[in-house]
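**Student:** So that you have it, the file is protein34.tsv, and it contains TSV, N, CA and C atoms:
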chain	number	residue	atom	x	y	z
B	1	MET	N	0.81	-1.19	0.00
B	1	MET	CA	0.00	0.00	0.00
B	1	MET	C	0.87	1.26	0.00
B	2	LYS	N	2.01	1.19	0.72
B	2	LYS	CA	2.90	2.35	0.76
B	2	LYS	C	3.40	2.70	-0.64
B	3	THR	N	3.69	1.67	-1.43
B	3	THR	CA	4.22	1.92	-2.77
B	3	THR	C	3.16	2.58	-3.65
B	4	VAL	N	1.93	2.11	-3.55
B	4	VAL	CA	0.84	2.70	-4.35
B	4	VAL	C	0.65	4.17	-3.96
B	5	LEU	N	0.60	4.44	-2.65
B	5	LEU	CA	0.44	5.82	-2.20
B	5	LEU	C	1.62	6.69	-2.63
B	6	ASN	N	2.83	6.14	-2.56
B	6	ASN	CA	4.01	6.91	-2.98
B	6	ASN	C	3.99	7.23	-4.46
B	7	VAL	N	3.54	6.29	-5.29
B	7	VAL	CA	3.48	6.54	-6.74
B	7	VAL	C	2.44	7.61	-7.05
B	8	ILE	N	1.26	7.50	-6.42
B	8	ILE	CA	0.23	8.53	-6.63
B	8	ILE	C	0.73	9.88	-6.13
B	9	TRP	N	1.38	9.88	-4.97
B	9	TRP	CA	1.95	11.10	-4.40
B	9	TRP	C	2.98	11.71	-5.35
B	10	LEU	N	3.84	10.88	-5.89
B	10	LEU	CA	4.89	11.35	-6.79
B	10	LEU	C	4.30	12.05	-8.00
B	11	VAL	N	3.26	11.47	-8.57
B	11	VAL	CA	2.65	12.04	-9.76
B	11	VAL	C	1.90	13.33	-9.45
B	12	LEU	N	1.14	13.35	-8.35
B	12	LEU	CA	0.27	14.49	-8.07
B	12	LEU	C	0.99	15.68	-7.44
B	13	CYS	N	1.90	15.42	-6.50
B	13	CYS	CA	2.53	16.58	-5.86
B	13	CYS	C	3.97	16.36	-5.41
B	14	GLY	N	4.41	15.14	-5.26
B	14	GLY	CA	5.74	14.88	-4.73
B	14	GLY	C	6.86	15.43	-5.59
B	15	PHE	N	6.74	15.25	-6.90
B	15	PHE	CA	7.79	15.73	-7.80
B	15	PHE	C	7.90	17.24	-7.75
B	16	TRP	N	6.75	17.94	-7.70
B	16	TRP	CA	6.77	19.41	-7.70
B	16	TRP	C	7.31	19.94	-6.39
B	17	MET	N	6.96	19.29	-5.27
B	17	MET	CA	7.50	19.73	-3.98
B	17	MET	C	9.01	19.44	-3.91
B	18	PHE	N	9.41	18.31	-4.49
B	18	PHE	CA	10.84	17.99	-4.54
B	18	PHE	C	11.60	19.06	-5.31
B	19	LEU	N	11.03	19.52	-6.43
B	19	LEU	CA	11.69	20.59	-7.19
B	19	LEU	C	11.79	21.87	-6.38
B	20	GLY	N	10.78	22.17	-5.58
B	20	GLY	CA	10.84	23.34	-4.71
B	20	GLY	C	11.96	23.23	-3.68
B	21	TYR	N	12.07	22.07	-3.06
B	21	TYR	CA	13.16	21.85	-2.10
B	21	TYR	C	14.51	21.86	-2.79
B	22	LEU	N	14.58	21.30	-3.98
B	22	LEU	CA	15.83	21.31	-4.74
B	22	LEU	C	16.26	22.73	-5.07
B	23	LEU	N	15.34	23.56	-5.51
B	23	LEU	CA	15.64	24.96	-5.79
B	23	LEU	C	16.10	25.69	-4.54
B	24	ALA	N	15.39	25.48	-3.43
B	24	ALA	CA	15.79	26.11	-2.17
B	24	ALA	C	17.18	25.65	-1.75
B	25	GLY	N	17.45	24.35	-1.89
B	25	GLY	CA	18.76	23.82	-1.51
B	25	GLY	C	19.89	24.38	-2.35
B	26	VAL	N	19.67	24.50	-3.65
B	26	VAL	CA	20.71	25.05	-4.53
B	26	VAL	C	20.96	26.52	-4.20
B	27	LEU	N	19.89	27.28	-4.01
B	27	LEU	CA	20.05	28.70	-3.67
B	27	LEU	C	20.75	28.88	-2.33
B	28	LEU	N	20.45	28.03	-1.37
B	28	LEU	CA	21.08	28.14	-0.06
B	28	LEU	C	22.53	27.68	-0.08
B	29	CYS	N	22.88	26.74	-0.96
B	29	CYS	CA	24.25	26.23	-1.03
B	29	CYS	C	25.19	27.17	-1.79
B	30	ILE	N	24.66	28.22	-2.39
B	30	ILE	CA	25.52	29.16	-3.11
B	30	ILE	C	26.52	29.81	-2.16
B	31	THR	N	26.09	30.10	-0.95
B	31	THR	CA	27.00	30.69	0.04
B	31	THR	C	27.50	29.59	0.97
B	32	VAL	N	28.64	29.80	1.55
B	32	VAL	CA	29.21	28.82	2.48
B	32	VAL	C	28.34	28.73	3.73
B	33	ILE	N	27.82	29.84	4.19
B	33	ILE	CA	27.00	29.85	5.40
B	33	ILE	C	25.71	29.07	5.20
B	34	GLY	N	25.18	29.06	3.98
B	34	GLY	CA	23.91	28.40	3.71
B	34	GLY	C	24.00	26.92	3.43
B	35	ILE	N	25.21	26.35	3.39
B	35	ILE	CA	25.35	24.93	3.04
B	35	ILE	C	24.60	24.00	4.00
B	36	PRO	N	24.66	24.19	5.32
B	36	PRO	CA	23.87	23.30	6.19
B	36	PRO	C	22.37	23.38	5.92
B	37	PHE	N	21.90	24.57	5.58
B	37	PHE	CA	20.49	24.74	5.26
B	37	PHE	C	20.16	24.08	3.92
B	38	GLY	N	21.06	24.18	2.97
B	38	GLY	CA	20.86	23.53	1.68
B	38	GLY	C	20.82	22.02	1.82
B	39	LEU	N	21.69	21.47	2.65
B	39	LEU	CA	21.69	20.02	2.88
B	39	LEU	C	20.38	19.58	3.53
B	40	ALA	N	19.87	20.40	4.46
B	40	ALA	CA	18.58	20.10	5.09
B	40	ALA	C	17.47	20.12	4.04
B	41	ALA	N	17.54	21.08	3.11
B	41	ALA	CA	16.54	21.16	2.05
B	41	ALA	C	16.58	19.92	1.16
B	42	PHE	N	17.78	19.45	0.83
B	42	PHE	CA	17.90	18.25	0.01
B	42	PHE	C	17.34	17.02	0.74
B	43	ARG	N	17.65	16.93	2.04
B	43	ARG	CA	17.18	15.80	2.85
B	43	ARG	C	15.66	15.78	2.93
B	44	ILE	N	15.06	16.92	3.16
B	44	ILE	CA	13.60	16.98	3.25
B	44	ILE	C	12.98	16.83	1.87
B	45	GLY	N	13.67	17.28	0.84
B	45	GLY	CA	13.17	17.13	-0.52
B	45	GLY	C	13.02	15.67	-0.90
B	46	VAL	N	13.97	14.85	-0.52
B	46	VAL	CA	13.88	13.42	-0.80
B	46	VAL	C	12.71	12.82	-0.02
B	47	TYR	N	12.53	13.28	1.21
B	47	TYR	CA	11.39	12.83	2.02
B	47	TYR	C	10.07	13.27	1.39
B	48	ALA	N	10.02	14.49	0.86
B	48	ALA	CA	8.81	14.98	0.20
B	48	ALA	C	8.55	14.26	-1.12
B	49	LEU	N	9.57	13.70	-1.70
B	49	LEU	CA	9.42	12.96	-2.95
B	49	LEU	C	8.77	11.59	-2.74
B	50	TRP	N	9.08	10.93	-1.63
B	50	TRP	CA	8.64	9.56	-1.37
B	50	TRP	C	8.38	9.41	0.14
B	51	PRO	N	7.30	10.02	0.69
B	51	PRO	CA	7.14	10.13	2.14
B	51	PRO	C	6.54	8.92	2.86
B	52	PHE	N	5.72	8.14	2.17
B	52	PHE	CA	5.04	7.05	2.87
B	52	PHE	C	6.03	5.95	3.19
B	53	GLY	N	6.00	5.50	4.44
B	53	GLY	CA	6.96	4.51	4.92
B	53	GLY	C	8.09	5.14	5.70
B	54	GLN	N	8.06	6.46	5.84
B	54	GLN	CA	9.06	7.18	6.62
B	54	GLN	C	8.35	8.11	7.59
B	55	THR	N	9.05	8.50	8.63
B	55	THR	CA	8.49	9.44	9.60
B	55	THR	C	9.59	10.37	10.10
B	56	VAL	N	9.19	11.45	10.68
B	56	VAL	CA	10.13	12.44	11.21
B	56	VAL	C	10.13	12.34	12.73
B	57	VAL	N	11.32	12.27	13.31
B	57	VAL	CA	11.46	12.22	14.77
B	57	VAL	C	12.39	13.34	15.21
B	58	GLU	N	12.19	13.79	16.44
B	58	GLU	CA	13.06	14.81	17.03
B	58	GLU	C	14.40	14.18	17.40
B	59	ARG	N	15.48	14.89	17.12
B	59	ARG	CA	16.80	14.42	17.56
B	59	ARG	C	17.03	14.93	18.97
B	60	ARG	N	17.39	14.04	19.84
B	60	ARG	CA	17.61	14.42	21.24
B	60	ARG	C	18.90	15.19	21.45
B	61	ASP	N	19.84	15.02	20.54
B	61	ASP	CA	21.13	15.69	20.70
B	61	ASP	C	21.16	17.07	20.04
B	62	ALA	N	20.06	17.51	19.46
B	62	ALA	CA	20.00	18.83	18.84
B	62	ALA	C	19.91	19.88	19.93
B	63	GLY	N	20.71	20.90	19.82
B	63	GLY	CA	20.74	21.92	20.86
B	63	GLY	C	20.39	23.30	20.33
B	64	ALA	N	21.02	24.28	20.95
B	64	ALA	CA	20.75	25.68	20.61
B	64	ALA	C	21.11	26.03	19.16
B	65	PRO	N	22.19	25.49	18.60
B	65	PRO	CA	22.48	25.84	17.20
B	65	PRO	C	21.35	25.47	16.23
B	66	SER	N	20.71	24.33	16.47
B	66	SER	CA	19.60	23.95	15.58
B	66	SER	C	18.41	24.87	15.78
B	67	CYS	N	18.21	25.36	16.98
B	67	CYS	CA	17.13	26.32	17.24
B	67	CYS	C	17.38	27.63	16.51
B	68	ILE	N	18.59	28.12	16.59
B	68	ILE	CA	18.95	29.36	15.88
B	68	ILE	C	18.88	29.13	14.37
B	69	GLY	N	19.35	27.98	13.93
B	69	GLY	CA	19.28	27.64	12.51
B	69	GLY	C	17.85	27.55	12.01
B	70	ASN	N	16.95	27.03	12.85
B	70	ASN	CA	15.55	26.95	12.45
B	70	ASN	C	14.94	28.33	12.25
B	71	VAL	N	15.33	29.29	13.06
B	71	VAL	CA	14.82	30.66	12.89
B	71	VAL	C	15.31	31.22	11.56
B	72	LEU	N	16.58	31.02	11.24
B	72	LEU	CA	17.10	31.48	9.95
B	72	LEU	C	16.43	30.74	8.79
B	73	TRP	N	16.24	29.44	8.93
B	73	TRP	CA	15.58	28.65	7.89
B	73	TRP	C	14.16	29.16	7.65
B	74	LEU	N	13.45	29.43	8.74
B	74	LEU	CA	12.07	29.91	8.62
B	74	LEU	C	12.00	31.18	7.79
B	75	VAL	N	12.96	32.09	8.01
B	75	VAL	CA	12.97	33.35	7.28
B	75	VAL	C	13.41	33.15	5.83
B	76	LEU	N	14.42	32.32	5.60
B	76	LEU	CA	15.00	32.17	4.26
B	76	LEU	C	14.17	31.29	3.33
B	77	ALA	N	13.70	30.15	3.80
B	77	ALA	CA	13.05	29.21	2.89
B	77	ALA	C	11.84	28.51	3.47
B	78	GLY	N	11.75	28.40	4.77
B	78	GLY	CA	10.72	27.58	5.40
B	78	GLY	C	9.30	27.99	5.09
B	79	TRP	N	9.03	29.26	5.15
B	79	TRP	CA	7.64	29.67	4.95
B	79	TRP	C	7.21	29.52	3.50
B	80	TRP	N	8.15	29.66	2.55
B	80	TRP	CA	7.81	29.43	1.14
B	80	TRP	C	7.43	27.98	0.90
B	81	LEU	N	8.22	27.09	1.47
B	81	LEU	CA	7.96	25.67	1.28
B	81	LEU	C	6.68	25.25	1.99
B	82	ALA	N	6.43	25.83	3.17
B	82	ALA	CA	5.19	25.53	3.88
B	82	ALA	C	3.98	26.00	3.08
B	83	LEU	N	4.09	27.16	2.43
B	83	LEU	CA	3.00	27.63	1.57
B	83	LEU	C	2.74	26.67	0.41
B	84	GLY	N	3.80	26.09	-0.13
B	84	GLY	CA	3.65	25.09	-1.18
B	84	GLY	C	2.90	23.86	-0.68
B	85	HIS	N	3.22	23.43	0.55
B	85	HIS	CA	2.51	22.28	1.12
B	85	HIS	C	1.05	22.62	1.40
B	86	ILE	N	0.79	23.83	1.86
B	86	ILE	CA	-0.59	24.24	2.12
B	86	ILE	C	-1.39	24.27	0.81
B	87	ALA	N	-0.82	24.87	-0.22
B	87	ALA	CA	-1.53	24.97	-1.50
B	87	ALA	C	-1.81	23.60	-2.10
B	88	THR	N	-0.81	22.73	-2.13
B	88	THR	CA	-1.03	21.41	-2.70
B	88	THR	C	-1.94	20.56	-1.81
B	89	GLY	N	-1.84	20.74	-0.50
B	89	GLY	CA	-2.73	20.00	0.41
B	89	GLY	C	-4.18	20.38	0.21
B	90	ILE	N	-4.45	21.67	0.06
B	90	ILE	CA	-5.83	22.12	-0.19
B	90	ILE	C	-6.32	21.60	-1.53
B	91	ALA	N	-5.48	21.69	-2.56
B	91	ALA	CA	-5.87	21.21	-3.89
B	91	ALA	C	-6.17	19.71	-3.86
B	92	LEU	N	-5.38	18.95	-3.15
B	92	LEU	CA	-5.61	17.51	-3.09
B	92	LEU	C	-6.87	17.17	-2.29
B	93	CYS	N	-7.17	17.95	-1.27
B	93	CYS	CA	-8.35	17.68	-0.44
B	93	CYS	C	-9.66	18.02	-1.16
B	94	LEU	N	-9.58	18.66	-2.30
B	94	LEU	CA	-10.79	18.96	-3.06
B	94	LEU	C	-11.39	17.72	-3.71
B	95	THR	N	-10.60	16.65	-3.82
B	95	THR	CA	-11.10	15.40	-4.36
B	95	THR	C	-11.11	14.36	-3.26
B	96	ILE	N	-12.01	13.41	-3.36
B	96	ILE	CA	-12.10	12.37	-2.33
B	96	ILE	C	-10.86	11.49	-2.35
B	97	ILE	N	-10.37	11.17	-3.51
B	97	ILE	CA	-9.19	10.30	-3.62
B	97	ILE	C	-7.95	11.01	-3.08
B	98	GLY	N	-7.89	12.33	-3.21
B	98	GLY	CA	-6.72	13.08	-2.79
B	98	GLY	C	-6.68	13.43	-1.32
B	99	ILE	N	-7.75	13.16	-0.56
B	99	ILE	CA	-7.77	13.56	0.85
B	99	ILE	C	-6.62	12.96	1.66
B	100	PRO	N	-6.31	11.65	1.56
B	100	PRO	CA	-5.17	11.14	2.33
B	100	PRO	C	-3.84	11.82	1.94
B	101	LEU	N	-3.71	12.14	0.66
B	101	LEU	CA	-2.49	12.81	0.21
B	101	LEU	C	-2.45	14.25	0.69
B	102	GLY	N	-3.60	14.91	0.74
B	102	GLY	CA	-3.67	16.27	1.27
B	102	GLY	C	-3.30	16.30	2.74
B	103	ILE	N	-3.80	15.32	3.49
B	103	ILE	CA	-3.46	15.24	4.92
B	103	ILE	C	-1.97	14.99	5.09
B	104	ALA	N	-1.40	14.14	4.25
B	104	ALA	CA	0.05	13.90	4.31
B	104	ALA	C	0.81	15.18	4.01
B	105	ASN	N	0.31	15.99	3.09
B	105	ASN	CA	0.94	17.27	2.78
B	105	ASN	C	0.91	18.18	4.00
B	106	PHE	N	-0.22	18.21	4.71
B	106	PHE	CA	-0.31	19.04	5.91
B	106	PHE	C	0.63	18.55	7.00
B	107	LYS	N	0.89	17.25	7.05
B	107	LYS	CA	1.82	16.70	8.04
B	107	LYS	C	3.27	17.08	7.73
B	108	LEU	N	3.55	17.46	6.49
B	108	LEU	CA	4.91	17.88	6.13
B	108	LEU	C	5.18	19.35	6.47
B	109	ILE	N	4.16	20.10	6.81
B	109	ILE	CA	4.35	21.53	7.09
B	109	ILE	C	5.29	21.77	8.28
B	110	PRO	N	5.14	21.07	9.43
B	110	PRO	CA	6.07	21.35	10.54
B	110	PRO	C	7.53	21.12	10.19
B	111	VAL	N	7.82	20.05	9.45
B	111	VAL	CA	9.22	19.79	9.11
B	111	VAL	C	9.71	20.76	8.03
B	112	SER	N	8.81	21.28	7.21
B	112	SER	CA	9.24	22.27	6.22
B	112	SER	C	9.50	23.62	6.88
B	113	LEU	N	8.83	23.89	7.99
B	113	LEU	CA	9.06	25.16	8.70
B	113	LEU	C	10.30	25.12	9.58
B	114	LEU	N	10.48	24.02	10.30
B	114	LEU	CA	11.58	23.91	11.27
B	114	LEU	C	12.28	22.55	11.11
B	115	PRO	N	13.15	22.39	10.11
B	115	PRO	CA	13.71	21.06	9.83
B	115	PRO	C	14.92	20.67	10.68
B	116	LEU	N	15.64	21.63	11.18
B	116	LEU	CA	16.87	21.30	11.91
B	116	LEU	C	16.53	20.72	13.28
B	117	GLY	N	17.23	19.69	13.67
B	117	GLY	CA	16.94	19.01	14.92
B	117	GLY	C	15.95	17.87	14.74
B	118	LYS	N	15.66	17.53	13.49
B	118	LYS	CA	14.77	16.42	13.19
B	118	LYS	C	15.49	15.43	12.30
B	119	GLU	N	15.04	14.19	12.35
B	119	GLU	CA	15.65	13.14	11.55
B	119	GLU	C	14.54	12.33	10.88
B	120	ILE	N	14.77	11.92	9.66
B	120	ILE	CA	13.81	11.12	8.91
B	120	ILE	C	14.24	9.66	9.02
B	121	VAL	N	13.34	8.83	9.54
B	121	VAL	CA	13.64	7.41	9.76
B	121	VAL	C	12.52	6.57	9.17
B	122	PRO	N	12.78	5.29	8.90
B	122	PRO	CA	11.69	4.41	8.44
B	122	PRO	C	10.58	4.33	9.48
B	123	SER	N	9.34	4.19	9.03
B	123	SER	CA	8.19	4.17	9.94
B	123	SER	C	8.23	3.01	10.92
B	124	ASP	N	8.86	1.91	10.53
B	124	ASP	CA	8.91	0.77	11.44
B	124	ASP	C	9.98	0.91	12.52
B	125	GLN	N	10.77	2.00	12.47
B	125	GLN	CA	11.79	2.26	13.49
B	125	GLN	C	11.70	3.71	13.96
B	126	PRO	N	10.55	4.19	14.47
B	126	PRO	CA	10.43	5.61	14.80
B	126	PRO	C	11.29	6.05	15.98
B	127	PHE	N	11.80	5.13	16.76
B	127	PHE	CA	12.60	5.52	17.90
B	127	PHE	C	14.09	5.34	17.68
B	128	ALA	N	14.48	5.00	16.46
B	128	ALA	CA	15.89	4.81	16.13
B	128	ALA	C	16.49	6.17	15.80
B	129	THR	N	17.37	6.66	16.65
B	129	THR	CA	18.09	7.90	16.38
B	129	THR	C	19.57	7.65	16.52
B	130	ARG	N	20.34	8.54	15.94
B	130	ARG	CA	21.80	8.38	16.01
B	130	ARG	C	22.32	8.88	17.33
Would you kindly transcribe this structure into structure tokens?
**Tutor:**
Amino acid sequence: MKTVLNVIWLVLCGFWMFLGYLLAGVLLCITVIGIPFGLAAFRIGVYALWPFGQTVVERRDAGAPSCIGNVLWLVLAGWWLALGHIATGIALCLTIIGIPLGIANFKLIPVSLLPLGKEIVPSDQPFATR
């Protein structure tokens, strides 16, 4: 079932959200200071491309630098990407078949707003952290 949902997701919105994260990551990697943010964008972009079967967990070892980084991320790219998830989530919820995918889009909003200090793990291992 995860594969079917992922394929439908990929066709309807995953590829376009991935391109948004890819663009944000490339723009952020242009400067040396933005490289950690660009890497986070690439990581979340892959998650946005194929999300079913994975989950986001808080990293326990994330400290103040990730908090400060999240504030910078929110200003630089986070709110744009969250708007993309909101728009595609609403569009998907307009159809009965798209409602589960729209809800999944809404679940991606918190990680698109504040990605640092989070880790993407397989759904069958939600408590596995480094």
**Student:** Counting only C-alpha atoms, which residues in region 65-95 of chain B sit no more than 12 Å from region 25-49 of chain B? For each one, give the nearest pair of atoms and the distance in Å, sorted by chain then residue number, as a Markdown table.
**Tutor:**
| residue | atom | partner | partner_atom | distance |
| --- | --- | --- | --- | --- |
| B:Pro65 | CA | B:Pro36 | CA | 11.4 |
| B:Ser66 | CA | B:Pro36 | CA | 10.3 |
| B:Ile68 | CA | B:Phe37 | CA | 11.7 |
| B:Gly69 | CA | B:Phe37 | CA | 7.9 |
| B:Asn70 | CA | B:Phe37 | CA | 9.0 |
| B:Val71 | CA | B:Phe37 | CA | 11.2 |
| B:Leu72 | CA | B:Phe37 | CA | 8.9 |
| B:Trp73 | CA | B:Phe37 | CA | 6.8 |
| B:Leu74 | CA | B:Phe37 | CA | 10.4 |
| B:Val75 | CA | B:Phe37 | CA | 11.6 |
| B:Leu76 | CA | B:Leu28 | CA | 8.5 |
| B:Ala77 | CA | B:Leu28 | CA | 8.6 |
| B:Gly78 | CA | B:Ala41 | CA | 9.3 |
| B:Leu81 | CA | B:Ala41 | CA | 9.7 |
| B:Ala82 | CA | B:Ala48 | CA | 11.7 |
| B:Gly84 | CA | B:Ala48 | CA | 11.4 |
| B:His85 | CA | B:Ala48 | CA | 9.7 |
**Student:** Emit the selected residues as a PDB file, keeping the file's coordinate frame, including N, CA and C atoms.
**Tutor:**
ATOM      1  N   PRO B  65      22.190  25.490  18.600  1.00  0.00           N
ATOM      2  CA  PRO B  65      22.480  25.840  17.200  1.00  0.00           C
ATOM      3  C   PRO B  65      21.350  25.470  16.230  1.00  0.00           C
ATOM      4  N   SER B  66      20.710  24.330  16.470  1.00  0.00           N
ATOM      5  CA  SER B  66      19.600  23.950  15.580  1.00  0.00           C
ATOM      6  C   SER B  66      18.410  24.870  15.780  1.00  0.00           C
ATOM      7  N   ILE B  68      18.590  28.120  16.590  1.00  0.00           N
ATOM      8  CA  ILE B  68      18.950  29.360  15.880  1.00  0.00           C
ATOM      9  C   ILE B  68      18.880  29.130  14.370  1.00  0.00           C
ATOM     10  N   GLY B  69      19.350  27.980  13.930  1.00  0.00           N
ATOM     11  CA  GLY B  69      19.280  27.640  12.510  1.00  0.00           C
ATOM     12  C   GLY B  69      17.850  27.550  12.010  1.00  0.00           C
ATOM     13  N   ASN B  70      16.950  27.030  12.850  1.00  0.00           N
ATOM     14  CA  ASN B  70      15.550  26.950  12.450  1.00  0.00           C
ATOM     15  C   ASN B  70      14.940  28.330  12.250  1.00  0.00           C
ATOM     16  N   VAL B  71      15.330  29.290  13.060  1.00  0.00           N
ATOM     17  CA  VAL B  71      14.820  30.660  12.890  1.00  0.00           C
ATOM     18  C   VAL B  71      15.310  31.220  11.560  1.00  0.00           C
ATOM     19  N   LEU B  72      16.580  31.020  11.240  1.00  0.00           N
ATOM     20  CA  LEU B  72      17.100  31.480   9.950  1.00  0.00           C
ATOM     21  C   LEU B  72      16.430  30.740   8.790  1.00  0.00           C
ATOM     22  N   TRP B  73      16.240  29.440   8.930  1.00  0.00           N
ATOM     23  CA  TRP B  73      15.580  28.650   7.890  1.00  0.00           C
ATOM     24  C   TRP B  73      14.160  29.160   7.650  1.00  0.00           C
ATOM     25  N   LEU B  74      13.450  29.430   8.740  1.00  0.00           N
ATOM     26  CA  LEU B  74      12.070  29.910   8.620  1.00  0.00           C
ATOM     27  C   LEU B  74      12.000  31.180   7.790  1.00  0.00           C
ATOM     28  N   VAL B  75      12.960  32.090   8.010  1.00  0.00           N
ATOM     29  CA  VAL B  75      12.970  33.350   7.280  1.00  0.00           C
ATOM     30  C   VAL B  75      13.410  33.150   5.830  1.00  0.00           C
ATOM     31  N   LEU B  76      14.420  32.320   5.600  1.00  0.00           N
ATOM     32  CA  LEU B  76      15.000  32.170   4.260  1.00  0.00           C
ATOM     33  C   LEU B  76      14.170  31.290   3.330  1.00  0.00           C
ATOM     34  N   ALA B  77      13.700  30.150   3.800  1.00  0.00           N
ATOM     35  CA  ALA B  77      13.050  29.210   2.890  1.00  0.00           C
ATOM     36  C   ALA B  77      11.840  28.510   3.470  1.00  0.00           C
ATOM     37  N   GLY B  78      11.750  28.400   4.770  1.00  0.00           N
ATOM     38  CA  GLY B  78      10.720  27.580   5.400  1.00  0.00           C
ATOM     39  C   GLY B  78       9.300  27.990   5.090  1.00  0.00           C
ATOM     40  N   LEU B  81       8.220  27.090   1.470  1.00  0.00           N
ATOM     41  CA  LEU B  81       7.960  25.670   1.280  1.00  0.00           C
ATOM     42  C   LEU B  81       6.680  25.250   1.990  1.00  0.00           C
ATOM     43  N   ALA B  82       6.430  25.830   3.170  1.00  0.00           N
ATOM     44  CA  ALA B  82       5.190  25.530   3.880  1.00  0.00           C
ATOM     45  C   ALA B  82       3.980  26.000   3.080  1.00  0.00           C
ATOM     46  N   GLY B  84       3.800  26.090  -0.130  1.00  0.00           N
ATOM     47  CA  GLY B  84       3.650  25.090  -1.180  1.00  0.00           C
ATOM     48  C   GLY B  84       2.900  23.860  -0.680  1.00  0.00           C
ATOM     49  N   HIS B  85       3.220  23.430   0.550  1.00  0.00           N
ATOM     50  CA  HIS B  85       2.510  22.280   1.120  1.00  0.00           C
ATOM     51  C   HIS B  85       1.050  22.620   1.400  1.00  0.00           C
TER      52      HIS B  85
END
**Student:** Quick one: residues within 6 Å of region 87-91 of chain B, all atoms listed in the file counted, chain neighbours fewer than 5 positions away excluded, as a ChimeraX atom specification?
**Tutor:** /B:82,101-103,105-106
**Student:** If you keep N, CA and C atoms, can you produce a file of those selected residues as a compact mmCIF listing (two decimals), in the coordinates of the input?
**Tutor:**
# COMPACT_ATOMS: atom_id res chain seq x y z
N ALA B 82 6.43 25.83 3.17
CA ALA B 82 5.19 25.53 3.88
C ALA B 82 3.98 26.00 3.08
N LEU B 101 -3.71 12.14 0.66
CA LEU B 101 -2.49 12.81 0.21
C LEU B 101 -2.45 14.25 0.69
N GLY B 102 -3.60 14.91 0.74
CA GLY B 102 -3.67 16.27 1.27
C GLY B 102 -3.30 16.30 2.74
N ILE B 103 -3.80 15.32 3.49
CA ILE B 103 -3.46 15.24 4.92
C ILE B 103 -1.97 14.99 5.09
N ASN B 105 0.31 15.99 3.09
CA ASN B 105 0.94 17.27 2.78
C ASN B 105 0.91 18.18 4.00
N PHE B 106 -0.22 18.21 4.71
CA PHE B 106 -0.31 19.04 5.91
C PHE B 106 0.63 18.55 7.00
**Student:** Could you work out how far atom N of Ile97 (chain B) lies from atom N of Leu23 (chain B), giving the answer in Å with one decimal?
**Tutor:**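 Separation of atom N of Leu23 (chain B) and atom N of Ile97 (chain B): 28.6 Å.
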**Student:** Choose the residue, out of B:Cys93, B:Gly14, B:Ile86, B:Ala24, that has the smallest atom-to-atom separation from Leu108 (chain B); count only N, CA and C atoms.
**Tutor:**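 Comparing B:Cys93, B:Gly14, B:Ile86, B:Ala24 against Leu108 (chain B), the winner is B:Ile86.
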**Student:** Residues of chain B classed as strand (DSSP E) by DSSP on the backbone are to be reported as a PyMOL selection string.
**Tutor:** chain B and resi 54-58+118-122
**Student:** In Å, with one decimal, what is the gap from CA of Glu119 (chain B) to atom C of Val57 (chain B)?
**Tutor:** 4.9 Å
**Student:** Point out the residue among B:Lys2, B:Leu10, B:Pro110, B:Lys118 with the least atom-to-atom distance to Glu58 (chain B), counting only C-alpha atoms.
**Tutor:**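 Among B:Lys2, B:Leu10, B:Pro110, B:Lys118, it is B:Lys118 that comes nearest to Glu58 (chain B).
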**Student:** Could you please determine the separation between atom N of Leu94 (chain B) and CA of Ser123 (chain B) in Å, to one decimal place?
**Tutor:** 26.0 Å
**Student:** Residues near Gln54 (chain B), anyone? I mean within 7 Å using only C-alpha atoms, not counting same-chain ones fewer than 3 positions away, as a PyMOL selection string.
**Tutor:** chain B and resi 51+120-123
**Student:** Let's see if you can do this: from backbone DSSP, list all alpha helix (DSSP H) residues in chain B, as a PyMOL selection string.
**Tutor:** chain B and resi 2-9+15-29+35-49+64-73+79-93+99-107+109-113
**Student:** Between B:Leu5, B:Phe18, B:Gly117, B:Trp80, which one has atoms that come closest to Gly63 (chain B), using all atoms listed in the file?
**Tutor:**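 Comparing B:Leu5, B:Phe18, B:Gly117, B:Trp80 against Gly63 (chain B), the winner is B:Gly117.
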**Student:** Which is closest to Phe15 (chain B) among B:Thr3, B:Lys107, B:Trp50, B:Ile99, if we use only N, CA and C atoms?
**Tutor:**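 Selected residue with least distance to Phe15 (chain B): B:Trp50.
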